[in-house]
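See structure below.
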Amino acid sequence: MRVVNVCFHGIGTPQRVLEPGEDSYWISRDTFLGVLDRVVARDHVRLSFDDGNASDVEIALPALLERGLTATFFVVAGRLDQPGSLGRDDVRRLHDAGMTIGNHGMTHRPWRGLDAARRQEELVTSREVLEQVTGSRVHDAALPLGRYDRAVLEALRPLRYRTVQTSDRRWARSDRWLQPRYSIRHGDSPRTVEREVLRPPPLHLQARSALVGTVKRLR
């Protein structure tokens, strides 16, 4: 089945110092709620949240529960309990509410070009931290900043992640290991998300985005 993965980052006013360029992925609460209202009852839409911001539990969780929706929250393990980020109790609250917890690394650094020790920290140790917090297995990973290449994928495969989530803006097949996603950005609106994300793209755009993904997997 073809699905569309919709990814959010921060909602509302940031409560921590943002990394360069990160502000372009923060959206208003009204925009977030409007997008949620557009995806209710659309079985082909899957939701996720990156970075482990405090807004995940303060804004997103109540809105999801109110609409009967679930999502995967990809947490940066090294930010746990830091101001503006999720605490360990917050992650447990998400998990206990029926949400899925995924790995987004230890420090939010890209996984391309890491040496063996840093790769272990980002791909394995961070996962173990989150599993200790929730008491459950972490099956899914999301690539920090969406960056990957053949070496990253080869390092991830033996770790038996169920899915690896990218930032490639295209629809996905539900049974594929590599899952492209659409990140909602500052300046998007519920109307533009409806038009540009939730509707199947034209064939020529599908072909172009598929080619981009192929290049990343092989480089």
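Identifiers for the structure tokens are assigned positionally: chains receive A, B, ... in sequence, residues are indexed from 1 per chain, and ligands are indexed from 1 in the order shown.
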
### Message
Can you pull out every residue from chain A that DSSP, working from the backbone, puts in alpha helix (DSSP H), and format the result as number ranges by chain?
### Response
A: 29-39, 55, 61-67, 88-96, 116-120, 126-134, 150-156, 190-196, 203-218

### Task
Select, from A:Arg46, A:Arg38, A:His186, A:His139, the residue with the minimum atom-to-atom distance to Arg157 (chain A), counting only C-alpha atoms.
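Closest residue, counting only C-alpha atoms: A:His139.
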
List as a tab-separated table (two decimals) with N, CA and C atoms, in the first residue's frame the protein and nucleic acid residues near Arg199 (chain A), meaning an atom at most 10 Å away when only C-alpha atoms are counted, but skip any in the same chain fewer than 5 places from it.
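part_35.tsv was written with the following content:
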chain	number	residue	atom	x	y	z
A	4	VAL	N	1.75	8.10	2.85
A	4	VAL	CA	2.49	9.35	2.92
A	4	VAL	C	2.86	9.59	4.37
A	171	TRP	N	6.07	9.98	-1.58
A	171	TRP	CA	5.25	8.93	-0.99
A	171	TRP	C	6.07	7.66	-0.82
A	193	VAL	N	-0.42	21.90	2.57
A	193	VAL	CA	-0.15	20.50	2.89
A	193	VAL	C	-1.15	19.59	2.20
A	194	GLU	N	-2.40	20.00	2.19
A	194	GLU	CA	-3.43	19.23	1.48
A	194	GLU	C	-3.07	19.10	0.00

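Counting from CA of His104 (chain A), the distance to CA of Arg119 (chain A) is 12.5 Å.
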
### Query
Please, what distance in Å, to one decimal, runs between CA of Gly10 (chain A) and CA of Asp50 (chain A)?
8.1 Å

### Query
Met106 (chain A): which residues within 7 Å, counting only C-alpha atoms, same-chain residues fewer than 5 positions away excluded, as a VMD selection string?
chain A and resid 76 to 78 121 to 122 126

N, CA and C atoms of the current selection, written as an mmCIF file, in the first residue's frame:
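Writing the result to result35.cif gives the following:
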data_model
loop_
_atom_site.group_PDB
_atom_site.id
_atom_site.type_symbol
_atom_site.label_atom_id
_atom_site.label_comp_id
_atom_site.auth_asym_id
_atom_site.auth_seq_id
_atom_site.Cartn_x
_atom_site.Cartn_y
_atom_site.Cartn_z
ATOM 1 N N VAL A 76 15.979 12.480 20.352
ATOM 2 C CA VAL A 76 17.429 12.621 20.476
ATOM 3 C C VAL A 76 17.793 12.281 21.922
ATOM 4 N N ALA A 77 18.420 11.128 22.128
ATOM 5 C CA ALA A 77 18.619 10.621 23.482
ATOM 6 C C ALA A 77 19.486 11.538 24.339
ATOM 7 N N GLY A 78 20.465 12.182 23.725
ATOM 8 C CA GLY A 78 21.354 13.048 24.482
ATOM 9 C C GLY A 78 20.715 14.335 24.963
ATOM 10 N N GLU A 121 27.726 5.090 19.223
ATOM 11 C CA GLU A 121 26.989 5.981 20.108
ATOM 12 C C GLU A 121 25.669 6.427 19.480
ATOM 13 N N GLU A 122 25.705 6.781 18.208
ATOM 14 C CA GLU A 122 24.537 7.351 17.553
ATOM 15 C C GLU A 122 23.496 6.304 17.162
ATOM 16 N N SER A 126 22.314 5.225 21.803
ATOM 17 C CA SER A 126 21.116 6.067 21.931
ATOM 18 C C SER A 126 19.853 5.211 21.961
#

Secondary structure check, strand (DSSP E) residues of region 22-186 of chain A, as a PDB file with all heavy atoms, in the first residue's frame:
ATOM      1  N   TRP A  26       9.958  24.896  12.492  1.00  0.00           N
ATOM      2  CA  TRP A  26       9.012  25.166  13.577  1.00  0.00           C
ATOM      3  C   TRP A  26       7.757  25.802  12.988  1.00  0.00           C
ATOM      4  O   TRP A  26       7.845  26.706  12.155  1.00  0.00           O
ATOM      5  CB  TRP A  26       9.634  26.093  14.621  1.00  0.00           C
ATOM      6  CG  TRP A  26      10.520  25.353  15.570  1.00  0.00           C
ATOM      7  CD1 TRP A  26      11.767  24.869  15.317  1.00  0.00           C
ATOM      8  CD2 TRP A  26      10.215  24.978  16.912  1.00  0.00           C
ATOM      9  NE1 TRP A  26      12.255  24.220  16.413  1.00  0.00           N
ATOM     10  CE2 TRP A  26      11.333  24.265  17.418  1.00  0.00           C
ATOM     11  CE3 TRP A  26       9.110  25.177  17.738  1.00  0.00           C
ATOM     12  CZ2 TRP A  26      11.379  23.753  18.717  1.00  0.00           C
ATOM     13  CZ3 TRP A  26       9.147  24.670  19.034  1.00  0.00           C
ATOM     14  CH2 TRP A  26      10.266  23.962  19.510  1.00  0.00           C
ATOM     15  N   ILE A  27       6.604  25.326  13.433  1.00  0.00           N
ATOM     16  CA  ILE A  27       5.332  25.830  12.922  1.00  0.00           C
ATOM     17  C   ILE A  27       4.453  26.292  14.073  1.00  0.00           C
ATOM     18  O   ILE A  27       4.685  25.927  15.234  1.00  0.00           O
ATOM     19  CB  ILE A  27       4.599  24.753  12.088  1.00  0.00           C
ATOM     20  CG1 ILE A  27       4.275  23.533  12.948  1.00  0.00           C
ATOM     21  CG2 ILE A  27       5.440  24.358  10.873  1.00  0.00           C
ATOM     22  CD1 ILE A  27       3.439  22.475  12.237  1.00  0.00           C
ATOM     23  N   VAL A  45      -2.079   8.005   5.768  1.00  0.00           N
ATOM     24  CA  VAL A  45      -1.173   9.010   6.325  1.00  0.00           C
ATOM     25  C   VAL A  45      -0.578   8.493   7.634  1.00  0.00           C
ATOM     26  O   VAL A  45      -1.297   8.006   8.510  1.00  0.00           O
ATOM     27  CB  VAL A  45      -1.906  10.340   6.579  1.00  0.00           C
ATOM     28  CG1 VAL A  45      -0.948  11.352   7.222  1.00  0.00           C
ATOM     29  CG2 VAL A  45      -2.466  10.902   5.277  1.00  0.00           C
ATOM     30  N   ARG A  46       0.742   8.600   7.753  1.00  0.00           N
ATOM     31  CA  ARG A  46       1.444   8.241   8.974  1.00  0.00           C
ATOM     32  C   ARG A  46       2.158   9.470   9.510  1.00  0.00           C
ATOM     33  O   ARG A  46       2.784  10.213   8.750  1.00  0.00           O
ATOM     34  CB  ARG A  46       2.450   7.118   8.707  1.00  0.00           C
ATOM     35  CG  ARG A  46       1.787   5.801   8.299  1.00  0.00           C
ATOM     36  CD  ARG A  46       2.820   4.743   7.991  1.00  0.00           C
ATOM     37  NE  ARG A  46       2.206   3.449   7.714  1.00  0.00           N
ATOM     38  CZ  ARG A  46       2.883   2.360   7.382  1.00  0.00           C
ATOM     39  NH1 ARG A  46       4.204   2.422   7.284  1.00  0.00           N
ATOM     40  NH2 ARG A  46       2.253   1.225   7.160  1.00  0.00           N
ATOM     41  N   LEU A  47       2.089   9.670  10.807  1.00  0.00           N
ATOM     42  CA  LEU A  47       2.624  10.867  11.444  1.00  0.00           C
ATOM     43  C   LEU A  47       3.870  10.542  12.264  1.00  0.00           C
ATOM     44  O   LEU A  47       3.958   9.485  12.897  1.00  0.00           O
ATOM     45  CB  LEU A  47       1.572  11.494  12.359  1.00  0.00           C
ATOM     46  CG  LEU A  47       0.231  11.848  11.713  1.00  0.00           C
ATOM     47  CD1 LEU A  47      -0.737  12.361  12.773  1.00  0.00           C
ATOM     48  CD2 LEU A  47       0.413  12.882  10.612  1.00  0.00           C
ATOM     49  N   SER A  48       4.813  11.476  12.259  1.00  0.00           N
ATOM     50  CA  SER A  48       5.986  11.334  13.115  1.00  0.00           C
ATOM     51  C   SER A  48       6.465  12.709  13.560  1.00  0.00           C
ATOM     52  O   SER A  48       6.096  13.742  12.994  1.00  0.00           O
ATOM     53  CB  SER A  48       7.113  10.590  12.394  1.00  0.00           C
ATOM     54  OG  SER A  48       7.532  11.275  11.233  1.00  0.00           O
ATOM     55  N   PHE A  49       7.293  12.699  14.604  1.00  0.00           N
ATOM     56  CA  PHE A  49       7.852  13.917  15.190  1.00  0.00           C
ATOM     57  C   PHE A  49       9.336  13.679  15.433  1.00  0.00           C
ATOM     58  O   PHE A  49       9.721  12.655  15.997  1.00  0.00           O
ATOM     59  CB  PHE A  49       7.165  14.244  16.521  1.00  0.00           C
ATOM     60  CG  PHE A  49       5.709  14.585  16.389  1.00  0.00           C
ATOM     61  CD1 PHE A  49       4.766  13.577  16.203  1.00  0.00           C
ATOM     62  CD2 PHE A  49       5.268  15.897  16.437  1.00  0.00           C
ATOM     63  CE1 PHE A  49       3.415  13.870  16.067  1.00  0.00           C
ATOM     64  CE2 PHE A  49       3.919  16.206  16.308  1.00  0.00           C
ATOM     65  CZ  PHE A  49       2.994  15.188  16.110  1.00  0.00           C
ATOM     66  N   ASP A  50      10.160  14.618  15.027  1.00  0.00           N
ATOM     67  CA  ASP A  50      11.606  14.502  15.201  1.00  0.00           C
ATOM     68  C   ASP A  50      12.114  15.436  16.289  1.00  0.00           C
ATOM     69  O   ASP A  50      11.504  16.481  16.572  1.00  0.00           O
ATOM     70  CB  ASP A  50      12.328  14.843  13.896  1.00  0.00           C
ATOM     71  CG  ASP A  50      12.333  13.689  12.906  1.00  0.00           C
ATOM     72  OD1 ASP A  50      11.702  12.652  13.188  1.00  0.00           O
ATOM     73  OD2 ASP A  50      12.967  13.834  11.835  1.00  0.00           O
ATOM     74  N   THR A  72       4.747   8.332  15.661  1.00  0.00           N
ATOM     75  CA  THR A  72       6.050   7.899  16.135  1.00  0.00           C
ATOM     76  C   THR A  72       6.872   9.128  16.500  1.00  0.00           C
ATOM     77  O   THR A  72       6.952  10.076  15.714  1.00  0.00           O
ATOM     78  CB  THR A  72       6.790   7.085  15.060  1.00  0.00           C
ATOM     79  OG1 THR A  72       6.014   5.935  14.724  1.00  0.00           O
ATOM     80  CG2 THR A  72       8.150   6.631  15.570  1.00  0.00           C
ATOM     81  N   PHE A  73       7.473   9.107  17.685  1.00  0.00           N
ATOM     82  CA  PHE A  73       8.275  10.222  18.168  1.00  0.00           C
ATOM     83  C   PHE A  73       9.744   9.812  18.170  1.00  0.00           C
ATOM     84  O   PHE A  73      10.147   8.932  18.933  1.00  0.00           O
ATOM     85  CB  PHE A  73       7.826  10.632  19.574  1.00  0.00           C
ATOM     86  CG  PHE A  73       6.474  11.289  19.599  1.00  0.00           C
ATOM     87  CD1 PHE A  73       5.319  10.525  19.559  1.00  0.00           C
ATOM     88  CD2 PHE A  73       6.352  12.670  19.639  1.00  0.00           C
ATOM     89  CE1 PHE A  73       4.059  11.120  19.567  1.00  0.00           C
ATOM     90  CE2 PHE A  73       5.107  13.282  19.650  1.00  0.00           C
ATOM     91  CZ  PHE A  73       3.956  12.503  19.608  1.00  0.00           C
ATOM     92  N   PHE A  74      10.530  10.439  17.291  1.00  0.00           N
ATOM     93  CA  PHE A  74      11.948  10.130  17.171  1.00  0.00           C
ATOM     94  C   PHE A  74      12.722  11.077  18.083  1.00  0.00           C
ATOM     95  O   PHE A  74      12.800  12.279  17.836  1.00  0.00           O
ATOM     96  CB  PHE A  74      12.389  10.256  15.717  1.00  0.00           C
ATOM     97  CG  PHE A  74      11.805   9.177  14.835  1.00  0.00           C
ATOM     98  CD1 PHE A  74      10.690   9.432  14.043  1.00  0.00           C
ATOM     99  CD2 PHE A  74      12.348   7.910  14.827  1.00  0.00           C
ATOM    100  CE1 PHE A  74      10.139   8.435  13.251  1.00  0.00           C
ATOM    101  CE2 PHE A  74      11.810   6.903  14.032  1.00  0.00           C
ATOM    102  CZ  PHE A  74      10.701   7.173  13.247  1.00  0.00           C
ATOM    103  N   VAL A  75      13.290  10.507  19.133  1.00  0.00           N
ATOM    104  CA  VAL A  75      13.872  11.279  20.228  1.00  0.00           C
ATOM    105  C   VAL A  75      15.395  11.309  20.122  1.00  0.00           C
ATOM    106  O   VAL A  75      16.027  10.282  19.854  1.00  0.00           O
ATOM    107  CB  VAL A  75      13.448  10.671  21.577  1.00  0.00           C
ATOM    108  CG1 VAL A  75      14.046  11.460  22.736  1.00  0.00           C
ATOM    109  CG2 VAL A  75      11.915  10.636  21.687  1.00  0.00           C
ATOM    110  N   THR A 100       4.545   5.513  19.522  1.00  0.00           N
ATOM    111  CA  THR A 100       5.761   4.749  19.280  1.00  0.00           C
ATOM    112  C   THR A 100       6.976   5.646  19.494  1.00  0.00           C
ATOM    113  O   THR A 100       6.985   6.796  19.056  1.00  0.00           O
ATOM    114  CB  THR A 100       5.771   4.200  17.839  1.00  0.00           C
ATOM    115  OG1 THR A 100       4.643   3.336  17.655  1.00  0.00           O
ATOM    116  CG2 THR A 100       7.047   3.419  17.561  1.00  0.00           C
ATOM    117  N   ILE A 101       7.985   5.127  20.173  1.00  0.00           N
ATOM    118  CA  ILE A 101       9.224   5.869  20.396  1.00  0.00           C
ATOM    119  C   ILE A 101      10.295   5.331  19.447  1.00  0.00           C
ATOM    120  O   ILE A 101      10.526   4.120  19.370  1.00  0.00           O
ATOM    121  CB  ILE A 101       9.705   5.736  21.854  1.00  0.00           C
ATOM    122  CG1 ILE A 101       8.607   6.212  22.819  1.00  0.00           C
ATOM    123  CG2 ILE A 101      10.991   6.532  22.056  1.00  0.00           C
ATOM    124  CD1 ILE A 101       8.160   7.639  22.623  1.00  0.00           C
ATOM    125  N   GLY A 102      10.931   6.235  18.719  1.00  0.00           N
ATOM    126  CA  GLY A 102      11.984   5.864  17.777  1.00  0.00           C
ATOM    127  C   GLY A 102      13.288   6.566  18.098  1.00  0.00           C
ATOM    128  O   GLY A 102      13.319   7.536  18.870  1.00  0.00           O
ATOM    129  N   ASN A 103      14.360   6.097  17.495  1.00  0.00           N
ATOM    130  CA  ASN A 103      15.702   6.635  17.740  1.00  0.00           C
ATOM    131  C   ASN A 103      16.062   7.700  16.714  1.00  0.00           C
ATOM    132  O   ASN A 103      15.938   7.486  15.511  1.00  0.00           O
ATOM    133  CB  ASN A 103      16.721   5.492  17.679  1.00  0.00           C
ATOM    134  CG  ASN A 103      18.126   5.974  17.985  1.00  0.00           C
ATOM    135  OD1 ASN A 103      18.329   6.964  18.683  1.00  0.00           O
ATOM    136  ND2 ASN A 103      19.121   5.259  17.461  1.00  0.00           N
ATOM    137  N   ASP A 140      12.415   1.577  15.342  1.00  0.00           N
ATOM    138  CA  ASP A 140      12.482   2.496  14.205  1.00  0.00           C
ATOM    139  C   ASP A 140      13.527   3.577  14.449  1.00  0.00           C
ATOM    140  O   ASP A 140      13.761   3.998  15.588  1.00  0.00           O
ATOM    141  CB  ASP A 140      11.118   3.141  13.965  1.00  0.00           C
ATOM    142  CG  ASP A 140      10.026   2.106  13.817  1.00  0.00           C
ATOM    143  OD1 ASP A 140       9.984   1.447  12.770  1.00  0.00           O
ATOM    144  OD2 ASP A 140       9.238   1.925  14.770  1.00  0.00           O
ATOM    145  N   ALA A 141      14.129   4.048  13.372  1.00  0.00           N
ATOM    146  CA  ALA A 141      15.130   5.113  13.445  1.00  0.00           C
ATOM    147  C   ALA A 141      14.825   6.167  12.395  1.00  0.00           C
ATOM    148  O   ALA A 141      14.265   5.870  11.331  1.00  0.00           O
ATOM    149  CB  ALA A 141      16.532   4.557  13.220  1.00  0.00           C
ATOM    150  N   ALA A 142      15.186   7.411  12.698  1.00  0.00           N
ATOM    151  CA  ALA A 142      15.065   8.509  11.737  1.00  0.00           C
ATOM    152  C   ALA A 142      16.427   9.159  11.572  1.00  0.00           C
ATOM    153  O   ALA A 142      17.133   9.419  12.552  1.00  0.00           O
ATOM    154  CB  ALA A 142      14.040   9.541  12.201  1.00  0.00           C
ATOM    155  N   THR A 163      12.139   0.059  10.466  1.00  0.00           N
ATOM    156  CA  THR A 163      12.127   1.076   9.412  1.00  0.00           C
ATOM    157  C   THR A 163      13.225   2.095   9.696  1.00  0.00           C
ATOM    158  O   THR A 163      13.617   2.320  10.838  1.00  0.00           O
ATOM    159  CB  THR A 163      10.784   1.829   9.313  1.00  0.00           C
ATOM    160  OG1 THR A 163      10.589   2.610  10.509  1.00  0.00           O
ATOM    161  CG2 THR A 163       9.629   0.869   9.101  1.00  0.00           C
ATOM    162  N   VAL A 164      13.698   2.704   8.626  1.00  0.00           N
ATOM    163  CA  VAL A 164      14.592   3.856   8.711  1.00  0.00           C
ATOM    164  C   VAL A 164      13.922   4.985   7.946  1.00  0.00           C
ATOM    165  O   VAL A 164      13.611   4.856   6.760  1.00  0.00           O
ATOM    166  CB  VAL A 164      15.979   3.530   8.128  1.00  0.00           C
ATOM    167  CG1 VAL A 164      16.839   4.789   8.066  1.00  0.00           C
ATOM    168  CG2 VAL A 164      16.664   2.452   8.954  1.00  0.00           C
ATOM    169  N   GLN A 165      13.706   6.102   8.636  1.00  0.00           N
ATOM    170  CA  GLN A 165      12.933   7.206   8.086  1.00  0.00           C
ATOM    171  C   GLN A 165      13.865   8.290   7.561  1.00  0.00           C
ATOM    172  O   GLN A 165      14.799   8.708   8.247  1.00  0.00           O
ATOM    173  CB  GLN A 165      12.029   7.794   9.177  1.00  0.00           C
ATOM    174  CG  GLN A 165      11.260   6.753   9.979  1.00  0.00           C
ATOM    175  CD  GLN A 165       9.904   6.439   9.398  1.00  0.00           C
ATOM    176  OE1 GLN A 165       9.269   7.297   8.784  1.00  0.00           O
ATOM    177  NE2 GLN A 165       9.431   5.227   9.625  1.00  0.00           N
ATOM    178  N   ALA A 172       5.569   6.750   0.004  1.00  0.00           N
ATOM    179  CA  ALA A 172       6.305   5.537   0.337  1.00  0.00           C
ATOM    180  C   ALA A 172       5.438   4.307   0.125  1.00  0.00           C
ATOM    181  O   ALA A 172       4.215   4.395  -0.012  1.00  0.00           O
ATOM    182  CB  ALA A 172       6.774   5.592   1.792  1.00  0.00           C
ATOM    183  N   ARG A 173       6.083   3.148   0.115  1.00  0.00           N
ATOM    184  CA  ARG A 173       5.404   1.870   0.170  1.00  0.00           C
ATOM    185  C   ARG A 173       5.420   1.408   1.625  1.00  0.00           C
ATOM    186  O   ARG A 173       6.453   1.429   2.284  1.00  0.00           O
ATOM    187  CB  ARG A 173       6.107   0.845  -0.716  1.00  0.00           C
ATOM    188  CG  ARG A 173       5.959   1.112  -2.205  1.00  0.00           C
ATOM    189  CD  ARG A 173       4.554   0.756  -2.693  1.00  0.00           C
ATOM    190  NE  ARG A 173       4.260  -0.656  -2.467  1.00  0.00           N
ATOM    191  CZ  ARG A 173       4.564  -1.627  -3.320  1.00  0.00           C
ATOM    192  NH1 ARG A 173       5.179  -1.334  -4.463  1.00  0.00           N
ATOM    193  NH2 ARG A 173       4.259  -2.875  -3.039  1.00  0.00           N
ATOM    194  N   LEU A 178      13.126   1.478   4.051  1.00  0.00           N
ATOM    195  CA  LEU A 178      13.446   2.901   3.961  1.00  0.00           C
ATOM    196  C   LEU A 178      12.155   3.666   3.684  1.00  0.00           C
ATOM    197  O   LEU A 178      11.479   3.413   2.692  1.00  0.00           O
ATOM    198  CB  LEU A 178      14.464   3.130   2.847  1.00  0.00           C
ATOM    199  CG  LEU A 178      15.403   4.332   2.973  1.00  0.00           C
ATOM    200  CD1 LEU A 178      16.236   4.250   4.243  1.00  0.00           C
ATOM    201  CD2 LEU A 178      16.292   4.459   1.748  1.00  0.00           C
ATOM    202  N   GLN A 179      11.821   4.593   4.565  1.00  0.00           N
ATOM    203  CA  GLN A 179      10.561   5.312   4.496  1.00  0.00           C
ATOM    204  C   GLN A 179      10.796   6.809   4.282  1.00  0.00           C
ATOM    205  O   GLN A 179      11.206   7.521   5.206  1.00  0.00           O
ATOM    206  CB  GLN A 179       9.760   5.098   5.783  1.00  0.00           C
ATOM    207  CG  GLN A 179       9.194   3.701   5.961  1.00  0.00           C
ATOM    208  CD  GLN A 179       8.030   3.444   5.014  1.00  0.00           C
ATOM    209  OE1 GLN A 179       7.103   4.254   4.909  1.00  0.00           O
ATOM    210  NE2 GLN A 179       8.070   2.323   4.318  1.00  0.00           N
ATOM    211  N   TYR A 182       7.678  13.652   4.372  1.00  0.00           N
ATOM    212  CA  TYR A 182       7.518  15.078   4.105  1.00  0.00           C
ATOM    213  C   TYR A 182       7.601  15.814   5.440  1.00  0.00           C
ATOM    214  O   TYR A 182       6.757  15.610   6.312  1.00  0.00           O
ATOM    215  CB  TYR A 182       6.167  15.384   3.469  1.00  0.00           C
ATOM    216  CG  TYR A 182       5.996  14.938   2.041  1.00  0.00           C
ATOM    217  CD1 TYR A 182       5.626  13.636   1.737  1.00  0.00           C
ATOM    218  CD2 TYR A 182       6.184  15.829   0.983  1.00  0.00           C
ATOM    219  CE1 TYR A 182       5.438  13.221   0.426  1.00  0.00           C
ATOM    220  CE2 TYR A 182       6.002  15.432  -0.332  1.00  0.00           C
ATOM    221  CZ  TYR A 182       5.629  14.127  -0.601  1.00  0.00           C
ATOM    222  OH  TYR A 182       5.450  13.724  -1.901  1.00  0.00           O
ATOM    223  N   SER A 183       8.596  16.666   5.606  1.00  0.00           N
ATOM    224  CA  SER A 183       8.668  17.501   6.801  1.00  0.00           C
ATOM    225  C   SER A 183       7.834  18.757   6.584  1.00  0.00           C
ATOM    226  O   SER A 183       7.969  19.443   5.568  1.00  0.00           O
ATOM    227  CB  SER A 183      10.119  17.892   7.097  1.00  0.00           C
ATOM    228  OG  SER A 183      10.849  16.793   7.595  1.00  0.00           O
TER     229      SER A 183
END

### Message
So, with only C-alpha atoms as the atoms that count, which of A:Leu80, A:Leu18, A:Leu123, A:Val3 lies closest to Pro158 (chain A)?
### Response
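Using only C-alpha atoms, Pro158 (chain A) sits closest to A:Leu123.
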
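Here CA of Thr31 (chain A) and CA of Pro190 (chain A) stand 6.3 Å from one another.
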